[in-house]
Structures are given as structure tokens and as C-alpha cells.
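Engineer: Sharing a structure with you now.
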Amino acid sequence: MSPPARHRVRHALVGAGARAEMFVRALALDHSDTAELVALADVNQARMDAHNRWLAELGHPPVPTYPAADFTAMLAKERVDVVLVTSVDVTHDEYVTAALRAGCDVVTEKPMTVDAPRCRRILDAVAETGRRVTVAFNYRYNPLHEQVRRLLADGAVGEIGSVHFEWLLDVRHGADYFRRWHRDKATSGGLLVHKASHHFDLVNWWLDARPVEVHAAGRLFFYGESGRRHGYARDYDRAHGSPAAADDPFALRLAEHPRLRELYLDAEAEDGYQRDRNVFAPGVTIEDDLAVLARYSTGATMTYHLTAYAPWEGYRVMVNGSRGRLELDVTESDHVSPAGAGALKGAALHGDEAAVEHGAARLTLRPFWAPPVDVPVDGWTRQGHGGADARMTRVLLGGEPDPLGRAATAYDGALALLTGLAANRSLDTGAPVRVADLLTLP
């Protein structure tokens, strides 16, 4: 007698933009024995149709599509177990809470949401339903970051006194946040919420601590209307069809990216969303140069800086402790090639980017009274967030064991969010902000 067929977890996805591709592909190919994609929901039918075409190219049958307004009905009709939320950040709480109350678990892209009231809605729904929310902080799964976690947990530097964390977005990747909906702080929370939540979550996880007080300073220095002062401005609103964008290295050429063309340019007629705004056009309400000082429940402090207009991309982390220092130095791309200037990070538009742009990573332990030690780390790669994306989907979709506790909970998502929200409040007031004054957590 043959064993009963294994139940595959039924997943539906809401938000069928580019952020959805990693999950759709992982469900269709890598984890089809444990999970299946059963439906898509979005405000734009053309984007869902594009994903179904790509599913067909992978040998996967098309899945039913639903207008976002029919999200709750979709969950019941398709008997959904887990919802994947990859929509615009400001809408996350709407879908997360509806899914929880429909009896589903949720995996949501970071940030979990964009403000304290929405965060409270999610936490209350988790407590009310007993369902699970997992925030897709994929950087927890980077082999380098896993090794940092192990070393710190094992006491390699003793009691942790301070962390310095510098993150550089190059002028290709950084510029992209100023072309699209992220340029509006009301929808993205700004880079301290949308982007830096990755980094704040890593520090919370590494230190096993929670933020207590945050002080921040920052400004829009490079993009937006500052571009005219620096000599980079061009007079156009969006790149497609604009002669003034032809020689602009900051212009995204959607027509040259087949997948982006399908998801956005060909879908514009439905919702009017333009993916290729001029990064120096008026209307930017987020900052591009940000400094943060945070104090944690353990007494440790963090100094953090995010630069969104750097010539190279990567980051440096230094952890100082009572027994030594741990240093992580990562170059994701050592420069932006001229051929790749108008592309997206990781998109080999002209086929030569991987050959000319180099990356490297080094993890060094510097104990007291001894020479420094280079710590070997297997599995790091320049692709997929250092190899983290594939490792994350193996845990979240494939059921791989997770002894390091990499799967971030709603509580973890709230802590990372609150660091960014406190920093944003500090930008407005010029004063330190106590995290507990924004939202009370258990």
C-alpha cells in the first residue's frame, strides 16, 4: 500500500511587481514538492498576466488571478494556507491582517509596514488569531551574517559595547529608490524604514537586543532638486520617450529590460504607474544621506550611516567587545560600469557587468593580545543578496530546519521598523526619541 500523498502548502501572492519574482520562481521550481502557488492578486491585471506567462515558460500552469479588492474572497475560494505579501509597503498591513483573520499564515516582504498604527494593527491581529507572520529579512540568511551571529553568540568578542555599521548604495542601486514609489515617504517610510530595516534587524538579531533610544540626522543631498546644484539634472519627468533622458546615466530604460517592460511599461494603461521617473525631478520626500545613533537594551550603542549615492556598493560592520573586535567588510560591486549605469542592480543589460565589476567579502576577528584571524565563510556569492535568497526560501517554503532562528517574527519586524520610525521622528524634531514613546511592546 503506497503512503498518502504529502500535502503541499497552498500559497497565494498579493503584489505582482518585480518583488514577487523570487517567490514565484521558488514556488514553481525549487520547492514544488512542499509548496504550491495557487493564486495571484494585484491592482493591475497586466502584471499578473506577465507572471502567468513566465510561469508557463517554467513549465508551470497559470494560476487564477484576482483583483486586489477581492483578496479576502480569493483566500476562501482557493483554500489558501499562506499568503505572500509583496505589495507597496504602505498596503502591507491591510493584506497581512485580512489574511490572519481568514486563518492564514503570512510571509511579508520587509519592512513589515511603514508606521506605528499599522504596526499595532498587525501585532493585535497576530495576538487575536494566533497565526504566524514571518518578515522576509533575507539578509539574516546570508552566510556571512550567519557566521557573525554564531561568533557573537559564542562570545568571540566578549560583552558587546558598540557597533558601527556603514551601508553604501551605489549610484545605480541608490538611484532606483528615487525613480519609483519609494521616493514618497508616505508610501515607503523613507530609506530608514524601507531599506535600513534590513540592517536594523541584523543588529537586533546579532545583539539579541531591542532598541531603546534613537537619534538621527539626515537630508536629501544628492537626488531630487539637489541634482541641479550638482550639475546632474535633466529636464524631463520620466525617461521613456524623453529625448532629454537619452544621455542621462541616471535614467532607467524600461524598454531595454523585457521583464520590467512587461511588468510596468506595458501595464501603465491600467493604473498610470510610472517606474522610470527622473531621479532629479521635484516631489522627492525621502532622504539620501542618513546618520543614526541608537542605544540598545543591553547598553550597547550603534552608529549607522546610509549613503544612497556612492561610487561603489557594499558595507562595513565593526563590533567592539570586551575581548576584541569583529570586522565584516563586503564589496558587492566595486564600481558602476558605464554600460550598466542605466540598468538595475544585478541586471546584465549589456552582458559585460559581471566581467568588469568585482566584489569581495572578508570577516576578521581581532582578539586582544593576538594576531587577527580571517574567519572562513562558505557559500557567500555576489548574487541573491550574498546567497541569502535561496537559503531563505528553503526555510520559508521548503521546510528546512532553522536552528539559528533566522525566520523573523512579527515582533522582530516591529523592532526593526521602530528603529527606523524613531530615527524619522528624530529627523523631524532634532531630538533623541525613545522607542517606547512610539509603540509599547511586551
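Residues in the C-alpha cells are numbered from 1 in each chain, the chains being A, B, ... in the order shown, and ligands are numbered from 1 in the order shown.
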Report as a Markdown table the residues of range 59-93 of chain A within 10 Å of range 134-158 of chain A, each with its shortest atom pair and distance in Å (one decimal), using only C-alpha atoms, ordered by chain and increasing residue number.

Structural biologist:
```
| residue | atom | partner | partner_atom | distance |
| --- | --- | --- | --- | --- |
| A:Leu84 | CA | A:Thr134 | CA | 9.6 |
| A:Val85 | CA | A:Val135 | CA | 9.5 |
| A:Thr86 | CA | A:Ala136 | CA | 9.9 |
```

Engineer: Could you please write out, as a ChimeraX atom specification, every residue of range 134-216 of chain A that DSSP assigns to helix (DSSP H, G or I)?

Structural biologist: /A:138-141,143-153,173-176,181-183,185-188,191-194,196-207

Engineer: Rank nothing, just name the residue among A:Ser162, A:Pro117, A:His335, A:Ala39 nearest to Val317 in chain A, using only C-alpha atoms.

Structural biologist: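 Of the candidates, the smallest distance to Val317 in chain A is held by A:Ser162.
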
Engineer: So how many Å separate CA of Glu262 in chain A and CA of Glu21 in chain A, to one decimal?

Structural biologist: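 Spanning CA of Glu262 in chain A to CA of Glu21 in chain A is a straight-line distance of 12.8 Å.
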
Engineer: Quick one: residues within 6 Å of Arg179 in chain A, only C-alpha atoms counted, chain neighbours fewer than 2 positions away excluded, as a ChimeraX atom specification?

Structural biologist: /A:176-177,276-279

Engineer: Smallest atom-to-atom distance to Phe221 in chain A: which of A:Ala251, A:Ala431, A:Val284, A:Ala244, using only C-alpha atoms?

Structural biologist: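 Of A:Ala251, A:Ala431, A:Val284, A:Ala244, the one nearest Phe221 in chain A, counting only C-alpha atoms, is A:Val284.
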
Engineer: I need the residue nearest Ala233 in chain A from this list: A:Leu263, A:Val336, A:Ala414, A:Ala281. Use only C-alpha atoms for the distance.

Structural biologist: A:Ala281

Engineer: Let me make sure I understand: among A:Met392, A:Ala416, A:Val433, A:Leu168, which one has the smallest atom-to-atom distance to Met22 in chain A if we use only C-alpha atoms?

Structural biologist: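 Closest to Met22 in chain A, using only C-alpha atoms: A:Met392.
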
Engineer: Hey, can you check how far CA of Ala291 in chain A sits from CA of Arg228 in chain A?

Structural biologist: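 Distance reported for this atom pair: 23.8 Å.
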
Engineer: Please provide the set of residues having any atom within 9 Å of Arg131 in chain A, restricted to only C-alpha atoms, with same-chain residues fewer than 3 positions apart removed, written as a list in words.

Structural biologist: Leu100, Arg101, Gly103, Cys104, Asp105, Val106, Ala125, Val126, Ala127 and Glu128 of chain A

Engineer: Taking the backbone alone, and naming residues the way the document does, which bits of range 45-165 of chain A are strand (DSSP E or B) by DSSP, as a PDB file with all heavy atoms, in the first residue's frame?

Structural biologist:
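So the final result, stored in selection28.pdb, reads:
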```pdb
ATOM      1  N   THR A  65      -6.132  34.554 -11.160  1.00  0.00           N
ATOM      2  CA  THR A  65      -5.778  35.918 -10.779  1.00  0.00           C
ATOM      3  C   THR A  65      -7.012  36.646 -10.251  1.00  0.00           C
ATOM      4  O   THR A  65      -8.131  36.400 -10.703  1.00  0.00           O
ATOM      5  CB  THR A  65      -5.200  36.698 -11.968  1.00  0.00           C
ATOM      6  OG1 THR A  65      -6.172  36.757 -13.021  1.00  0.00           O
ATOM      7  CG2 THR A  65      -3.934  36.040 -12.482  1.00  0.00           C
ATOM      8  N   TYR A  66      -6.776  37.532  -9.276  1.00  0.00           N
ATOM      9  CA  TYR A  66      -7.864  38.241  -8.620  1.00  0.00           C
ATOM     10  C   TYR A  66      -7.520  39.720  -8.478  1.00  0.00           C
ATOM     11  O   TYR A  66      -6.371  40.060  -8.152  1.00  0.00           O
ATOM     12  CB  TYR A  66      -8.108  37.679  -7.210  1.00  0.00           C
ATOM     13  CG  TYR A  66      -8.684  36.287  -7.184  1.00  0.00           C
ATOM     14  CD1 TYR A  66      -7.854  35.178  -7.361  1.00  0.00           C
ATOM     15  CD2 TYR A  66     -10.037  36.086  -6.972  1.00  0.00           C
ATOM     16  CE1 TYR A  66      -8.376  33.890  -7.327  1.00  0.00           C
ATOM     17  CE2 TYR A  66     -10.574  34.808  -6.934  1.00  0.00           C
ATOM     18  CZ  TYR A  66      -9.739  33.705  -7.111  1.00  0.00           C
ATOM     19  OH  TYR A  66     -10.250  32.441  -7.080  1.00  0.00           O
ATOM     20  N   PRO A  67      -8.500  40.600  -8.679  1.00  0.00           N
ATOM     21  CA  PRO A  67      -8.269  41.999  -8.325  1.00  0.00           C
ATOM     22  C   PRO A  67      -7.966  42.101  -6.828  1.00  0.00           C
ATOM     23  O   PRO A  67      -8.512  41.338  -6.024  1.00  0.00           O
ATOM     24  CB  PRO A  67      -9.605  42.685  -8.660  1.00  0.00           C
ATOM     25  CG  PRO A  67     -10.325  41.734  -9.559  1.00  0.00           C
ATOM     26  CD  PRO A  67      -9.861  40.360  -9.194  1.00  0.00           C
ATOM     27  N   VAL A  82      -0.999  29.968   3.184  1.00  0.00           N
ATOM     28  CA  VAL A  82      -0.016  31.020   3.469  1.00  0.00           C
ATOM     29  C   VAL A  82      -0.129  32.105   2.406  1.00  0.00           C
ATOM     30  O   VAL A  82      -0.217  31.808   1.214  1.00  0.00           O
ATOM     31  CB  VAL A  82       1.425  30.466   3.485  1.00  0.00           C
ATOM     32  CG1 VAL A  82       2.441  31.586   3.705  1.00  0.00           C
ATOM     33  CG2 VAL A  82       1.585  29.393   4.542  1.00  0.00           C
ATOM     34  N   VAL A  83      -0.117  33.348   2.844  1.00  0.00           N
ATOM     35  CA  VAL A  83      -0.136  34.483   1.927  1.00  0.00           C
ATOM     36  C   VAL A  83       1.250  35.111   1.880  1.00  0.00           C
ATOM     37  O   VAL A  83       1.878  35.343   2.925  1.00  0.00           O
ATOM     38  CB  VAL A  83      -1.169  35.537   2.374  1.00  0.00           C
ATOM     39  CG1 VAL A  83      -1.063  36.796   1.516  1.00  0.00           C
ATOM     40  CG2 VAL A  83      -2.578  34.958   2.293  1.00  0.00           C
ATOM     41  N   LEU A  84       1.716  35.399   0.680  1.00  0.00           N
ATOM     42  CA  LEU A  84       2.966  36.115   0.460  1.00  0.00           C
ATOM     43  C   LEU A  84       2.611  37.551   0.085  1.00  0.00           C
ATOM     44  O   LEU A  84       1.922  37.785  -0.915  1.00  0.00           O
ATOM     45  CB  LEU A  84       3.769  35.475  -0.669  1.00  0.00           C
ATOM     46  CG  LEU A  84       4.150  34.007  -0.470  1.00  0.00           C
ATOM     47  CD1 LEU A  84       4.666  33.405  -1.770  1.00  0.00           C
ATOM     48  CD2 LEU A  84       5.191  33.871   0.620  1.00  0.00           C
ATOM     49  N   VAL A  85       3.074  38.511   0.884  1.00  0.00           N
ATOM     50  CA  VAL A  85       2.743  39.917   0.670  1.00  0.00           C
ATOM     51  C   VAL A  85       3.959  40.623   0.088  1.00  0.00           C
ATOM     52  O   VAL A  85       4.977  40.788   0.772  1.00  0.00           O
ATOM     53  CB  VAL A  85       2.293  40.592   1.981  1.00  0.00           C
ATOM     54  CG1 VAL A  85       1.982  42.070   1.729  1.00  0.00           C
ATOM     55  CG2 VAL A  85       1.072  39.883   2.550  1.00  0.00           C
ATOM     56  N   ASP A 105      -1.454  31.882   7.575  1.00  0.00           N
ATOM     57  CA  ASP A 105      -0.184  32.449   7.997  1.00  0.00           C
ATOM     58  C   ASP A 105       0.300  33.387   6.897  1.00  0.00           C
ATOM     59  O   ASP A 105      -0.191  33.355   5.757  1.00  0.00           O
ATOM     60  CB  ASP A 105       0.847  31.352   8.247  1.00  0.00           C
ATOM     61  CG  ASP A 105       0.532  30.519   9.476  1.00  0.00           C
ATOM     62  OD1 ASP A 105      -0.040  31.076  10.435  1.00  0.00           O
ATOM     63  OD2 ASP A 105       0.838  29.314   9.479  1.00  0.00           O
ATOM     64  N   VAL A 106       1.282  34.230   7.216  1.00  0.00           N
ATOM     65  CA  VAL A 106       1.726  35.262   6.282  1.00  0.00           C
ATOM     66  C   VAL A 106       3.243  35.318   6.240  1.00  0.00           C
ATOM     67  O   VAL A 106       3.913  35.253   7.281  1.00  0.00           O
ATOM     68  CB  VAL A 106       1.179  36.648   6.690  1.00  0.00           C
ATOM     69  CG1 VAL A 106       1.730  37.741   5.773  1.00  0.00           C
ATOM     70  CG2 VAL A 106      -0.342  36.663   6.687  1.00  0.00           C
ATOM     71  N   VAL A 107       3.780  35.465   5.040  1.00  0.00           N
ATOM     72  CA  VAL A 107       5.170  35.870   4.832  1.00  0.00           C
ATOM     73  C   VAL A 107       5.105  37.216   4.131  1.00  0.00           C
ATOM     74  O   VAL A 107       4.519  37.323   3.045  1.00  0.00           O
ATOM     75  CB  VAL A 107       5.953  34.869   3.977  1.00  0.00           C
ATOM     76  CG1 VAL A 107       7.350  35.406   3.670  1.00  0.00           C
ATOM     77  CG2 VAL A 107       6.041  33.515   4.659  1.00  0.00           C
ATOM     78  N   THR A 108       5.644  38.263   4.748  1.00  0.00           N
ATOM     79  CA  THR A 108       5.602  39.585   4.148  1.00  0.00           C
ATOM     80  C   THR A 108       6.996  40.102   3.856  1.00  0.00           C
ATOM     81  O   THR A 108       7.933  39.858   4.617  1.00  0.00           O
ATOM     82  CB  THR A 108       4.847  40.590   5.043  1.00  0.00           C
ATOM     83  OG1 THR A 108       4.813  41.865   4.385  1.00  0.00           O
ATOM     84  CG2 THR A 108       5.515  40.753   6.399  1.00  0.00           C
ATOM     85  N   GLU A 109       7.120  40.774   2.725  1.00  0.00           N
ATOM     86  CA  GLU A 109       8.364  41.471   2.430  1.00  0.00           C
ATOM     87  C   GLU A 109       8.639  42.503   3.505  1.00  0.00           C
ATOM     88  O   GLU A 109       7.734  42.988   4.184  1.00  0.00           O
ATOM     89  CB  GLU A 109       8.270  42.166   1.070  1.00  0.00           C
ATOM     90  CG  GLU A 109       8.898  41.384  -0.057  1.00  0.00           C
ATOM     91  CD  GLU A 109      10.414  41.367   0.004  1.00  0.00           C
ATOM     92  OE1 GLU A 109      11.005  41.909   0.972  1.00  0.00           O
ATOM     93  OE2 GLU A 109      11.026  40.795  -0.900  1.00  0.00           O
ATOM     94  N   VAL A 133       3.166  35.468  11.462  1.00  0.00           N
ATOM     95  CA  VAL A 133       3.695  36.392  10.468  1.00  0.00           C
ATOM     96  C   VAL A 133       5.206  36.251  10.446  1.00  0.00           C
ATOM     97  O   VAL A 133       5.862  36.332  11.491  1.00  0.00           O
ATOM     98  CB  VAL A 133       3.313  37.858  10.781  1.00  0.00           C
ATOM     99  CG1 VAL A 133       4.063  38.819   9.861  1.00  0.00           C
ATOM    100  CG2 VAL A 133       1.809  38.063  10.635  1.00  0.00           C
ATOM    101  N   THR A 134       5.758  36.036   9.276  1.00  0.00           N
ATOM    102  CA  THR A 134       7.204  35.976   9.086  1.00  0.00           C
ATOM    103  C   THR A 134       7.607  37.108   8.155  1.00  0.00           C
ATOM    104  O   THR A 134       7.024  37.282   7.087  1.00  0.00           O
ATOM    105  CB  THR A 134       7.632  34.637   8.467  1.00  0.00           C
ATOM    106  OG1 THR A 134       7.167  33.563   9.282  1.00  0.00           O
ATOM    107  CG2 THR A 134       9.146  34.556   8.337  1.00  0.00           C
ATOM    108  N   VAL A 135       8.589  37.899   8.573  1.00  0.00           N
ATOM    109  CA  VAL A 135       9.076  39.009   7.754  1.00  0.00           C
ATOM    110  C   VAL A 135      10.295  38.526   6.977  1.00  0.00           C
ATOM    111  O   VAL A 135      11.218  37.938   7.553  1.00  0.00           O
ATOM    112  CB  VAL A 135       9.421  40.226   8.618  1.00  0.00           C
ATOM    113  CG1 VAL A 135       9.829  41.409   7.734  1.00  0.00           C
ATOM    114  CG2 VAL A 135       8.233  40.612   9.501  1.00  0.00           C
ATOM    115  N   ALA A 136      10.291  38.778   5.675  1.00  0.00           N
ATOM    116  CA  ALA A 136      11.341  38.239   4.798  1.00  0.00           C
ATOM    117  C   ALA A 136      12.613  39.085   4.869  1.00  0.00           C
ATOM    118  O   ALA A 136      13.018  39.719   3.890  1.00  0.00           O
ATOM    119  CB  ALA A 136      10.823  38.151   3.365  1.00  0.00           C
ATOM    120  N   ILE A 160      29.380  42.928  24.270  1.00  0.00           N
ATOM    121  CA  ILE A 160      29.403  43.881  23.165  1.00  0.00           C
ATOM    122  C   ILE A 160      29.178  45.291  23.691  1.00  0.00           C
ATOM    123  O   ILE A 160      28.197  45.568  24.392  1.00  0.00           O
ATOM    124  CB  ILE A 160      28.350  43.517  22.107  1.00  0.00           C
ATOM    125  CG1 ILE A 160      28.698  42.149  21.489  1.00  0.00           C
ATOM    126  CG2 ILE A 160      28.283  44.584  21.010  1.00  0.00           C
ATOM    127  CD1 ILE A 160      27.607  41.574  20.630  1.00  0.00           C
ATOM    128  N   GLY A 161      30.100  46.186  23.339  1.00  0.00           N
ATOM    129  CA  GLY A 161      29.994  47.571  23.755  1.00  0.00           C
ATOM    130  C   GLY A 161      29.385  48.465  22.696  1.00  0.00           C
ATOM    131  O   GLY A 161      28.569  49.338  22.998  1.00  0.00           O
ATOM    132  N   SER A 162      29.780  48.242  21.417  1.00  0.00           N
ATOM    133  CA  SER A 162      29.295  49.133  20.371  1.00  0.00           C
ATOM    134  C   SER A 162      29.391  48.470  19.007  1.00  0.00           C
ATOM    135  O   SER A 162      30.151  47.511  18.804  1.00  0.00           O
ATOM    136  CB  SER A 162      30.092  50.443  20.353  1.00  0.00           C
ATOM    137  OG  SER A 162      31.449  50.189  20.030  1.00  0.00           O
ATOM    138  N   VAL A 163      28.600  48.997  18.078  1.00  0.00           N
ATOM    139  CA  VAL A 163      28.588  48.537  16.691  1.00  0.00           C
ATOM    140  C   VAL A 163      28.681  49.761  15.797  1.00  0.00           C
ATOM    141  O   VAL A 163      28.008  50.770  16.039  1.00  0.00           O
ATOM    142  CB  VAL A 163      27.286  47.775  16.357  1.00  0.00           C
ATOM    143  CG1 VAL A 163      27.275  47.349  14.890  1.00  0.00           C
ATOM    144  CG2 VAL A 163      27.105  46.574  17.273  1.00  0.00           C
ATOM    145  N   HIS A 164      29.515  49.685  14.770  1.00  0.00           N
ATOM    146  CA  HIS A 164      29.494  50.699  13.716  1.00  0.00           C
ATOM    147  C   HIS A 164      29.090  50.004  12.419  1.00  0.00           C
ATOM    148  O   HIS A 164      29.643  48.959  12.065  1.00  0.00           O
ATOM    149  CB  HIS A 164      30.834  51.393  13.529  1.00  0.00           C
ATOM    150  CG  HIS A 164      30.808  52.367  12.390  1.00  0.00           C
ATOM    151  ND1 HIS A 164      30.059  53.523  12.428  1.00  0.00           N
ATOM    152  CD2 HIS A 164      31.382  52.333  11.165  1.00  0.00           C
ATOM    153  CE1 HIS A 164      30.186  54.165  11.275  1.00  0.00           C
ATOM    154  NE2 HIS A 164      30.993  53.468  10.488  1.00  0.00           N
ATOM    155  N   PHE A 165      28.131  50.578  11.711  1.00  0.00           N
ATOM    156  CA  PHE A 165      27.536  49.937  10.537  1.00  0.00           C
ATOM    157  C   PHE A 165      27.418  51.008   9.454  1.00  0.00           C
ATOM    158  O   PHE A 165      26.678  51.976   9.592  1.00  0.00           O
ATOM    159  CB  PHE A 165      26.149  49.407  10.927  1.00  0.00           C
ATOM    160  CG  PHE A 165      25.571  48.350  10.028  1.00  0.00           C
ATOM    161  CD1 PHE A 165      24.734  47.385  10.564  1.00  0.00           C
ATOM    162  CD2 PHE A 165      25.830  48.316   8.671  1.00  0.00           C
ATOM    163  CE1 PHE A 165      24.168  46.393   9.768  1.00  0.00           C
ATOM    164  CE2 PHE A 165      25.277  47.335   7.862  1.00  0.00           C
ATOM    165  CZ  PHE A 165      24.440  46.368   8.415  1.00  0.00           C
TER     166      PHE A 165
END
```

Engineer: Considering only C-alpha atoms, return as JSON, numbers by chain whatever protein or nucleic-acid residues lie within 12 Å of Glu332 in chain A, sequence-local ones (same chain, fewer than 5 positions apart) excluded.

Structural biologist: {"A": [167, 168, 169, 170, 173, 311, 312, 313, 314, 315, 316, 345, 346, 354, 357, 358, 359, 360, 361, 362, 380, 381, 382, 383, 384, 385, 386, 387]}
